[in-house]
Every structure is written in C-alpha cells, then in structure tokens.
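Below is the file coords-v5.pdb, which contains PDB, N, CA, C and O atoms, pLDDT in the B column.
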ATOM      1  N   MET A   1      -8.249 -15.255  57.192  1.00 85.00           N
ATOM      2  CA  MET A   1      -9.680 -14.951  57.162  1.00 85.00           C
ATOM      3  C   MET A   1     -10.443 -15.903  56.245  1.00 85.00           C
ATOM      4  O   MET A   1     -11.608 -16.148  56.482  1.00 85.00           O
ATOM      5  N   LEU A   2      -9.777 -16.381  55.211  1.00 87.00           N
ATOM      6  CA  LEU A   2     -10.443 -17.299  54.281  1.00 87.00           C
ATOM      7  C   LEU A   2     -10.247 -18.763  54.658  1.00 87.00           C
ATOM      8  O   LEU A   2     -10.920 -19.621  54.113  1.00 87.00           O
ATOM      9  N   GLY A   3      -9.322 -19.020  55.551  1.00 91.00           N
ATOM     10  CA  GLY A   3      -9.060 -20.393  55.943  1.00 91.00           C
ATOM     11  C   GLY A   3      -8.361 -21.202  54.865  1.00 91.00           C
ATOM     12  O   GLY A   3      -8.603 -22.398  54.735  1.00 91.00           O
ATOM     13  N   ILE A   4      -7.510 -20.536  54.089  1.00 93.00           N
ATOM     14  CA  ILE A   4      -6.769 -21.234  53.034  1.00 93.00           C
ATOM     15  C   ILE A   4      -5.266 -21.053  53.258  1.00 93.00           C
ATOM     16  O   ILE A   4      -4.849 -20.187  54.013  1.00 93.00           O
ATOM     17  N   GLU A   5      -4.498 -21.849  52.588  1.00 94.00           N
ATOM     18  CA  GLU A   5      -3.042 -21.812  52.731  1.00 94.00           C
ATOM     19  C   GLU A   5      -2.439 -20.625  51.974  1.00 94.00           C
ATOM     20  O   GLU A   5      -2.956 -20.201  50.938  1.00 94.00           O
ATOM     21  N   GLN A   6      -1.332 -20.108  52.500  1.00 94.00           N
ATOM     22  CA  GLN A   6      -0.608 -19.025  51.844  1.00 94.00           C
ATOM     23  C   GLN A   6      -0.189 -19.426  50.430  1.00 94.00           C
ATOM     24  O   GLN A   6      -0.176 -18.594  49.521  1.00 94.00           O
ATOM     25  N   SER A   7       0.118 -20.695  50.239  1.00 95.00           N
ATOM     26  CA  SER A   7       0.541 -21.161  48.913  1.00 95.00           C
ATOM     27  C   SER A   7      -0.573 -20.977  47.883  1.00 95.00           C
ATOM     28  O   SER A   7      -0.291 -20.719  46.707  1.00 95.00           O
ATOM     29  N   ASN A   8      -1.838 -21.093  48.313  1.00 93.00           N
ATOM     30  CA  ASN A   8      -2.945 -20.851  47.391  1.00 93.00           C
ATOM     31  C   ASN A   8      -2.962 -19.407  46.926  1.00 93.00           C
ATOM     32  O   ASN A   8      -3.143 -19.122  45.732  1.00 93.00           O
ATOM     33  N   ILE A   9      -2.763 -18.490  47.854  1.00 92.00           N
ATOM     34  CA  ILE A   9      -2.747 -17.065  47.513  1.00 92.00           C
ATOM     35  C   ILE A   9      -1.576 -16.757  46.591  1.00 92.00           C
ATOM     36  O   ILE A   9      -1.714 -16.025  45.614  1.00 92.00           O
ATOM     37  N   SER A  10      -0.440 -17.351  46.881  1.00 95.00           N
ATOM     38  CA  SER A  10       0.730 -17.165  46.026  1.00 95.00           C
ATOM     39  C   SER A  10       0.448 -17.659  44.609  1.00 95.00           C
ATOM     40  O   SER A  10       0.823 -17.014  43.627  1.00 95.00           O
ATOM     41  N   ASP A  11      -0.232 -18.784  44.497  1.00 95.00           N
ATOM     42  CA  ASP A  11      -0.600 -19.309  43.173  1.00 95.00           C
ATOM     43  C   ASP A  11      -1.519 -18.345  42.432  1.00 95.00           C
ATOM     44  O   ASP A  11      -1.391 -18.159  41.221  1.00 95.00           O
ATOM     45  N   TRP A  12      -2.453 -17.707  43.157  1.00 92.00           N
ATOM     46  CA  TRP A  12      -3.330 -16.725  42.519  1.00 92.00           C
ATOM     47  C   TRP A  12      -2.518 -15.552  42.017  1.00 92.00           C
ATOM     48  O   TRP A  12      -2.704 -15.081  40.890  1.00 92.00           O
ATOM     49  N   GLU A  13      -1.603 -15.066  42.854  1.00 93.00           N
ATOM     50  CA  GLU A  13      -0.803 -13.893  42.497  1.00 93.00           C
ATOM     51  C   GLU A  13       0.120 -14.172  41.318  1.00 93.00           C
ATOM     52  O   GLU A  13       0.441 -13.257  40.557  1.00 93.00           O
ATOM     53  N   ASN A  14       0.540 -15.410  41.172  1.00 96.00           N
ATOM     54  CA  ASN A  14       1.460 -15.785  40.099  1.00 96.00           C
ATOM     55  C   ASN A  14       0.753 -16.423  38.901  1.00 96.00           C
ATOM     56  O   ASN A  14       1.399 -17.007  38.036  1.00 96.00           O
ATOM     57  N   ASN A  15      -0.568 -16.298  38.859  1.00 93.00           N
ATOM     58  CA  ASN A  15      -1.382 -16.822  37.754  1.00 93.00           C
ATOM     59  C   ASN A  15      -1.180 -18.317  37.522  1.00 93.00           C
ATOM     60  O   ASN A  15      -1.251 -18.789  36.391  1.00 93.00           O
ATOM     61  N   ILE A  16      -0.924 -19.055  38.593  1.00 96.00           N
ATOM     62  CA  ILE A  16      -0.804 -20.508  38.500  1.00 96.00           C
ATOM     63  C   ILE A  16      -2.184 -21.144  38.633  1.00 96.00           C
ATOM     64  O   ILE A  16      -2.485 -22.138  37.976  1.00 96.00           O
ATOM     65  N   SER A  17      -3.017 -20.541  39.474  1.00 95.00           N
ATOM     66  CA  SER A  17      -4.392 -21.009  39.639  1.00 95.00           C
ATOM     67  C   SER A  17      -5.278 -19.808  39.915  1.00 95.00           C
ATOM     68  O   SER A  17      -4.798 -18.680  40.049  1.00 95.00           O
ATOM     69  N   ARG A  18      -6.565 -20.037  39.964  1.00 91.00           N
ATOM     70  CA  ARG A  18      -7.546 -18.984  40.212  1.00 91.00           C
ATOM     71  C   ARG A  18      -8.332 -19.327  41.473  1.00 91.00           C
ATOM     72  O   ARG A  18      -8.561 -20.491  41.774  1.00 91.00           O
ATOM     73  N   PRO A  19      -8.775 -18.299  42.215  1.00 91.00           N
ATOM     74  CA  PRO A  19      -9.585 -18.560  43.405  1.00 91.00           C
ATOM     75  C   PRO A  19     -10.945 -19.148  43.022  1.00 91.00           C
ATOM     76  O   PRO A  19     -11.479 -18.847  41.950  1.00 91.00           O
ATOM     77  N   GLU A  20     -11.467 -19.990  43.902  1.00 92.00           N
ATOM     78  CA  GLU A  20     -12.809 -20.518  43.693  1.00 92.00           C
ATOM     79  C   GLU A  20     -13.824 -19.397  43.890  1.00 92.00           C
ATOM     80  O   GLU A  20     -13.560 -18.396  44.560  1.00 92.00           O
ATOM     81  N   TYR A  21     -14.991 -19.584  43.330  1.00 92.00           N
ATOM     82  CA  TYR A  21     -16.048 -18.579  43.372  1.00 92.00           C
ATOM     83  C   TYR A  21     -16.345 -18.133  44.802  1.00 92.00           C
ATOM     84  O   TYR A  21     -16.472 -16.948  45.072  1.00 92.00           O
ATOM     85  N   GLU A  22     -16.427 -19.079  45.719  1.00 93.00           N
ATOM     86  CA  GLU A  22     -16.736 -18.751  47.115  1.00 93.00           C
ATOM     87  C   GLU A  22     -15.667 -17.835  47.712  1.00 93.00           C
ATOM     88  O   GLU A  22     -15.973 -16.938  48.499  1.00 93.00           O
ATOM     89  N   ASN A  23     -14.403 -18.064  47.345  1.00 93.00           N
ATOM     90  CA  ASN A  23     -13.315 -17.227  47.849  1.00 93.00           C
ATOM     91  C   ASN A  23     -13.364 -15.835  47.243  1.00 93.00           C
ATOM     92  O   ASN A  23     -13.026 -14.855  47.910  1.00 93.00           O
ATOM     93  N   LEU A  24     -13.777 -15.715  45.990  1.00 93.00           N
ATOM     94  CA  LEU A  24     -13.925 -14.394  45.376  1.00 93.00           C
ATOM     95  C   LEU A  24     -14.987 -13.578  46.100  1.00 93.00           C
ATOM     96  O   LEU A  24     -14.800 -12.390  46.360  1.00 93.00           O
ATOM     97  N   ILE A  25     -16.088 -14.217  46.438  1.00 94.00           N
ATOM     98  CA  ILE A  25     -17.151 -13.529  47.165  1.00 94.00           C
ATOM     99  C   ILE A  25     -16.640 -13.074  48.526  1.00 94.00           C
ATOM    100  O   ILE A  25     -16.871 -11.934  48.940  1.00 94.00           O
ATOM    101  N   ALA A  26     -15.938 -13.962  49.225  1.00 95.00           N
ATOM    102  CA  ALA A  26     -15.395 -13.620  50.540  1.00 95.00           C
ATOM    103  C   ALA A  26     -14.401 -12.465  50.438  1.00 95.00           C
ATOM    104  O   ALA A  26     -14.421 -11.551  51.265  1.00 95.00           O
ATOM    105  N   LEU A  27     -13.539 -12.486  49.430  1.00 93.00           N
ATOM    106  CA  LEU A  27     -12.573 -11.394  49.243  1.00 93.00           C
ATOM    107  C   LEU A  27     -13.280 -10.070  48.975  1.00 93.00           C
ATOM    108  O   LEU A  27     -12.880  -9.030  49.496  1.00 93.00           O
ATOM    109  N   ALA A  28     -14.321 -10.104  48.169  1.00 94.00           N
ATOM    110  CA  ALA A  28     -15.070  -8.882  47.883  1.00 94.00           C
ATOM    111  C   ALA A  28     -15.665  -8.311  49.162  1.00 94.00           C
ATOM    112  O   ALA A  28     -15.614  -7.094  49.388  1.00 94.00           O
ATOM    113  N   LYS A  29     -16.194  -9.170  50.019  1.00 95.00           N
ATOM    114  CA  LYS A  29     -16.766  -8.701  51.286  1.00 95.00           C
ATOM    115  C   LYS A  29     -15.684  -8.159  52.209  1.00 95.00           C
ATOM    116  O   LYS A  29     -15.868  -7.117  52.846  1.00 95.00           O
ATOM    117  N   ILE A  30     -14.554  -8.850  52.294  1.00 94.00           N
ATOM    118  CA  ILE A  30     -13.458  -8.419  53.163  1.00 94.00           C
ATOM    119  C   ILE A  30     -12.958  -7.035  52.769  1.00 94.00           C
ATOM    120  O   ILE A  30     -12.731  -6.172  53.611  1.00 94.00           O
ATOM    121  N   TYR A  31     -12.776  -6.813  51.462  1.00 94.00           N
ATOM    122  CA  TYR A  31     -12.215  -5.551  50.984  1.00 94.00           C
ATOM    123  C   TYR A  31     -13.268  -4.498  50.625  1.00 94.00           C
ATOM    124  O   TYR A  31     -12.921  -3.394  50.208  1.00 94.00           O
ATOM    125  N   GLY A  32     -14.544  -4.837  50.770  1.00 97.00           N
ATOM    126  CA  GLY A  32     -15.597  -3.871  50.466  1.00 97.00           C
ATOM    127  C   GLY A  32     -15.635  -3.491  48.999  1.00 97.00           C
ATOM    128  O   GLY A  32     -15.903  -2.345  48.665  1.00 97.00           O
ATOM    129  N   GLU A  33     -15.351  -4.453  48.137  1.00 95.00           N
ATOM    130  CA  GLU A  33     -15.329  -4.226  46.692  1.00 95.00           C
ATOM    131  C   GLU A  33     -16.365  -5.117  46.006  1.00 95.00           C
ATOM    132  O   GLU A  33     -16.871  -6.068  46.586  1.00 95.00           O
ATOM    133  N   THR A  34     -16.640  -4.795  44.764  1.00 95.00           N
ATOM    134  CA  THR A  34     -17.530  -5.651  43.984  1.00 95.00           C
ATOM    135  C   THR A  34     -16.724  -6.749  43.306  1.00 95.00           C
ATOM    136  O   THR A  34     -15.498  -6.631  43.155  1.00 95.00           O
ATOM    137  N   LEU A  35     -17.407  -7.800  42.886  1.00 93.00           N
ATOM    138  CA  LEU A  35     -16.731  -8.854  42.135  1.00 93.00           C
ATOM    139  C   LEU A  35     -16.161  -8.296  40.837  1.00 93.00           C
ATOM    140  O   LEU A  35     -15.076  -8.690  40.413  1.00 93.00           O
ATOM    141  N   GLU A  36     -16.875  -7.375  40.213  1.00 93.00           N
ATOM    142  CA  GLU A  36     -16.403  -6.774  38.968  1.00 93.00           C
ATOM    143  C   GLU A  36     -15.060  -6.074  39.169  1.00 93.00           C
ATOM    144  O   GLU A  36     -14.155  -6.197  38.354  1.00 93.00           O
ATOM    145  N   THR A  37     -14.935  -5.352  40.267  1.00 92.00           N
ATOM    146  CA  THR A  37     -13.689  -4.657  40.564  1.00 92.00           C
ATOM    147  C   THR A  37     -12.553  -5.662  40.774  1.00 92.00           C
ATOM    148  O   THR A  37     -11.457  -5.487  40.245  1.00 92.00           O
ATOM    149  N   LEU A  38     -12.816  -6.704  41.563  1.00 88.00           N
ATOM    150  CA  LEU A  38     -11.786  -7.711  41.810  1.00 88.00           C
ATOM    151  C   LEU A  38     -11.332  -8.396  40.519  1.00 88.00           C
ATOM    152  O   LEU A  38     -10.169  -8.733  40.365  1.00 88.00           O
ATOM    153  N   LEU A  39     -12.273  -8.585  39.602  1.00 88.00           N
ATOM    154  CA  LEU A  39     -11.967  -9.268  38.351  1.00 88.00           C
ATOM    155  C   LEU A  39     -11.475  -8.328  37.257  1.00 88.00           C
ATOM    156  O   LEU A  39     -11.103  -8.764  36.182  1.00 88.00           O
ATOM    157  N   GLY A  40     -11.487  -7.031  37.536  1.00 89.00           N
ATOM    158  CA  GLY A  40     -11.002  -6.055  36.556  1.00 89.00           C
ATOM    159  C   GLY A  40     -11.981  -5.816  35.425  1.00 89.00           C
ATOM    160  O   GLY A  40     -11.574  -5.462  34.325  1.00 89.00           O
ATOM    161  N   ILE A  41     -13.259  -5.982  35.707  1.00 91.00           N
ATOM    162  CA  ILE A  41     -14.301  -5.808  34.690  1.00 91.00           C
ATOM    163  C   ILE A  41     -14.876  -4.402  34.804  1.00 91.00           C
ATOM    164  O   ILE A  41     -15.302  -3.984  35.882  1.00 91.00           O
ATOM    165  N   GLU A  42     -14.870  -3.675  33.714  1.00 85.00           N
ATOM    166  CA  GLU A  42     -15.459  -2.337  33.685  1.00 85.00           C
ATOM    167  C   GLU A  42     -16.842  -2.426  33.086  1.00 85.00           C
ATOM    168  O   GLU A  42     -17.025  -2.996  32.019  1.00 85.00           O
ATOM    169  N   LEU A  43     -17.819  -1.865  33.793  1.00 77.00           N
ATOM    170  CA  LEU A  43     -19.206  -1.887  33.301  1.00 77.00           C
ATOM    171  C   LEU A  43     -19.548  -0.599  32.615  1.00 77.00           C
ATOM    172  O   LEU A  43     -19.043   0.412  32.815  1.00 77.00           O
TER
END
Final structure tokens representation of the file:
Amino acid sequence: MLGIEQSNISDWENNISRPEYENLIALAKIYGETLETLLGIEL
C-alpha cells in the first residue's frame, strides 16, 4: 500500500531506520490512527 520494500519495514521494526514523514501520514490513514498514537505520544 505504501509502495516501499519489505526491507524498509523490517528496518523500522528493528529500529535500524525510521519511516519518512510522508509514510507516517500514510500509515496513520491506513490504520485510522493519529500520528500521536503511531509515535507513542500521550497528550
């Protein structure tokens, strides 16, 4: 859905790299969550 390689997602999961801002927005829309929730930020 994001048009990125599985290796990129694996790197995110293993804290090797972080998703770009545009991908964070897309993930939030896909999962119906806020950016704060995805980032673990409590308001």
Here atom CA of Glu13 of chain A and atom N of Leu43 of chain A stand apart by 22.6 Å
Atom N of Leu35 of chain A and atom N of Glu5 of chain A are how many Å apart?
21.4 Å
In Å, how far is it from atom CA of Leu24 of chain A to atom CA of Glu42 of chain A?
16.9 Å
What does the PyMOL selection byres (((chain A and resi 2 and name CA) around 12) and name CA) select in this file, as a ChimeraX atom specification?
/A:1,3-6,8-9,19-20,22-30
Name the residues of chain A that fall into alpha helix (DSSP H) according to DSSP on the backbone, using the chain letters and numbers of this document, as a ChimeraX atom specification.
/A:6-13,21-31,35-39
Restricted to N, CA, C and O atoms, what would the selected residues look like written as an mmCIF file, in the coordinates of the input?
data_model
loop_
_atom_site.group_PDB
_atom_site.id
_atom_site.type_symbol
_atom_site.label_atom_id
_atom_site.label_comp_id
_atom_site.auth_asym_id
_atom_site.auth_seq_id
_atom_site.Cartn_x
_atom_site.Cartn_y
_atom_site.Cartn_z
ATOM 1 N N GLN A 6 -1.332 -20.108 52.500
ATOM 2 C CA GLN A 6 -0.608 -19.025 51.844
ATOM 3 C C GLN A 6 -0.189 -19.426 50.430
ATOM 4 O O GLN A 6 -0.176 -18.594 49.521
ATOM 5 N N SER A 7 0.118 -20.695 50.239
ATOM 6 C CA SER A 7 0.541 -21.161 48.913
ATOM 7 C C SER A 7 -0.573 -20.977 47.883
ATOM 8 O O SER A 7 -0.291 -20.719 46.707
ATOM 9 N N ASN A 8 -1.838 -21.093 48.313
ATOM 10 C CA ASN A 8 -2.945 -20.851 47.391
ATOM 11 C C ASN A 8 -2.962 -19.407 46.926
ATOM 12 O O ASN A 8 -3.143 -19.122 45.732
ATOM 13 N N ILE A 9 -2.763 -18.490 47.854
ATOM 14 C CA ILE A 9 -2.747 -17.065 47.513
ATOM 15 C C ILE A 9 -1.576 -16.757 46.591
ATOM 16 O O ILE A 9 -1.714 -16.025 45.614
ATOM 17 N N SER A 10 -0.440 -17.351 46.881
ATOM 18 C CA SER A 10 0.730 -17.165 46.026
ATOM 19 C C SER A 10 0.448 -17.659 44.609
ATOM 20 O O SER A 10 0.823 -17.014 43.627
ATOM 21 N N ASP A 11 -0.232 -18.784 44.497
ATOM 22 C CA ASP A 11 -0.600 -19.309 43.173
ATOM 23 C C ASP A 11 -1.519 -18.345 42.432
ATOM 24 O O ASP A 11 -1.391 -18.159 41.221
ATOM 25 N N TRP A 12 -2.453 -17.707 43.157
ATOM 26 C CA TRP A 12 -3.330 -16.725 42.519
ATOM 27 C C TRP A 12 -2.518 -15.552 42.017
ATOM 28 O O TRP A 12 -2.704 -15.081 40.890
ATOM 29 N N GLU A 13 -1.603 -15.066 42.854
ATOM 30 C CA GLU A 13 -0.803 -13.893 42.497
ATOM 31 C C GLU A 13 0.120 -14.172 41.318
ATOM 32 O O GLU A 13 0.441 -13.257 40.557
ATOM 33 N N TYR A 21 -14.991 -19.584 43.330
ATOM 34 C CA TYR A 21 -16.048 -18.579 43.372
ATOM 35 C C TYR A 21 -16.345 -18.133 44.802
ATOM 36 O O TYR A 21 -16.472 -16.948 45.072
ATOM 37 N N GLU A 22 -16.427 -19.079 45.719
ATOM 38 C CA GLU A 22 -16.736 -18.751 47.115
ATOM 39 C C GLU A 22 -15.667 -17.835 47.712
ATOM 40 O O GLU A 22 -15.973 -16.938 48.499
ATOM 41 N N ASN A 23 -14.403 -18.064 47.345
ATOM 42 C CA ASN A 23 -13.315 -17.227 47.849
ATOM 43 C C ASN A 23 -13.364 -15.835 47.243
ATOM 44 O O ASN A 23 -13.026 -14.855 47.910
ATOM 45 N N LEU A 24 -13.777 -15.715 45.990
ATOM 46 C CA LEU A 24 -13.925 -14.394 45.376
ATOM 47 C C LEU A 24 -14.987 -13.578 46.100
ATOM 48 O O LEU A 24 -14.800 -12.390 46.360
ATOM 49 N N ILE A 25 -16.088 -14.217 46.438
ATOM 50 C CA ILE A 25 -17.151 -13.529 47.165
ATOM 51 C C ILE A 25 -16.640 -13.074 48.526
ATOM 52 O O ILE A 25 -16.871 -11.934 48.940
ATOM 53 N N ALA A 26 -15.938 -13.962 49.225
ATOM 54 C CA ALA A 26 -15.395 -13.620 50.540
ATOM 55 C C ALA A 26 -14.401 -12.465 50.438
ATOM 56 O O ALA A 26 -14.421 -11.551 51.265
ATOM 57 N N LEU A 27 -13.539 -12.486 49.430
ATOM 58 C CA LEU A 27 -12.573 -11.394 49.243
ATOM 59 C C LEU A 27 -13.280 -10.070 48.975
ATOM 60 O O LEU A 27 -12.880 -9.030 49.496
ATOM 61 N N ALA A 28 -14.321 -10.104 48.169
ATOM 62 C CA ALA A 28 -15.070 -8.882 47.883
ATOM 63 C C ALA A 28 -15.665 -8.311 49.162
ATOM 64 O O ALA A 28 -15.614 -7.094 49.388
ATOM 65 N N LYS A 29 -16.194 -9.170 50.019
ATOM 66 C CA LYS A 29 -16.766 -8.701 51.286
ATOM 67 C C LYS A 29 -15.684 -8.159 52.209
ATOM 68 O O LYS A 29 -15.868 -7.117 52.846
ATOM 69 N N ILE A 30 -14.554 -8.850 52.294
ATOM 70 C CA ILE A 30 -13.458 -8.419 53.163
ATOM 71 C C ILE A 30 -12.958 -7.035 52.769
ATOM 72 O O ILE A 30 -12.731 -6.172 53.611
ATOM 73 N N TYR A 31 -12.776 -6.813 51.462
ATOM 74 C CA TYR A 31 -12.215 -5.551 50.984
ATOM 75 C C TYR A 31 -13.268 -4.498 50.625
ATOM 76 O O TYR A 31 -12.921 -3.394 50.208
ATOM 77 N N LEU A 35 -17.407 -7.800 42.886
ATOM 78 C CA LEU A 35 -16.731 -8.854 42.135
ATOM 79 C C LEU A 35 -16.161 -8.296 40.837
ATOM 80 O O LEU A 35 -15.076 -8.690 40.413
ATOM 81 N N GLU A 36 -16.875 -7.375 40.213
ATOM 82 C CA GLU A 36 -16.403 -6.774 38.968
ATOM 83 C C GLU A 36 -15.060 -6.074 39.169
ATOM 84 O O GLU A 36 -14.155 -6.197 38.354
ATOM 85 N N THR A 37 -14.935 -5.352 40.267
ATOM 86 C CA THR A 37 -13.689 -4.657 40.564
ATOM 87 C C THR A 37 -12.553 -5.662 40.774
ATOM 88 O O THR A 37 -11.457 -5.487 40.245
ATOM 89 N N LEU A 38 -12.816 -6.704 41.563
ATOM 90 C CA LEU A 38 -11.786 -7.711 41.810
ATOM 91 C C LEU A 38 -11.332 -8.396 40.519
ATOM 92 O O LEU A 38 -10.169 -8.733 40.365
ATOM 93 N N LEU A 39 -12.273 -8.585 39.602
ATOM 94 C CA LEU A 39 -11.967 -9.268 38.351
ATOM 95 C C LEU A 39 -11.475 -8.328 37.257
ATOM 96 O O LEU A 39 -11.103 -8.764 36.182
#
Enclosing box along x, y and z for every listed atom of segment 11-14 of chain A, padded 3 Å each side, centre and size in Å, one decimal, as JSON:
{"center_x": -0.9, "center_y": -16.3, "center_z": 41.3, "size_x": 10.8, "size_y": 12.1, "size_z": 12.5}
Starting from the block above, write segment 14-35 of chain A out to a file with C-alpha atoms, as an mmCIF file, in the first residue's frame, please.
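Result written to out-v6.cif:
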data_model
loop_
_atom_site.group_PDB
_atom_site.id
_atom_site.type_symbol
_atom_site.label_atom_id
_atom_site.label_comp_id
_atom_site.auth_asym_id
_atom_site.auth_seq_id
_atom_site.Cartn_x
_atom_site.Cartn_y
_atom_site.Cartn_z
ATOM 1 C CA ASN A 14 14.207 -3.330 14.249
ATOM 2 C CA ASN A 15 14.979 0.346 14.986
ATOM 3 C CA ILE A 16 17.572 0.475 12.205
ATOM 4 C CA SER A 17 15.823 3.375 10.486
ATOM 5 C CA ARG A 18 12.680 5.467 10.838
ATOM 6 C CA PRO A 19 9.843 5.982 8.345
ATOM 7 C CA GLU A 20 9.770 9.242 6.428
ATOM 8 C CA TYR A 21 7.118 11.766 7.402
ATOM 9 C CA GLU A 22 5.013 11.019 4.315
ATOM 10 C CA ASN A 23 4.961 7.309 5.206
ATOM 11 C CA LEU A 24 3.881 8.069 8.779
ATOM 12 C CA ILE A 25 0.938 10.059 7.464
ATOM 13 C CA ALA A 26 0.006 7.250 5.073
ATOM 14 C CA LEU A 27 0.231 4.658 7.873
ATOM 15 C CA ALA A 28 -1.992 6.766 10.111
ATOM 16 C CA LYS A 29 -4.613 6.957 7.357
ATOM 17 C CA ILE A 30 -4.383 3.231 6.578
ATOM 18 C CA TYR A 31 -4.851 2.219 10.222
ATOM 19 C CA GLY A 32 -7.271 5.009 11.165
ATOM 20 C CA GLU A 33 -4.939 6.275 13.885
ATOM 21 C CA THR A 34 -3.418 9.612 14.755
ATOM 22 C CA LEU A 35 0.255 10.397 14.301
#
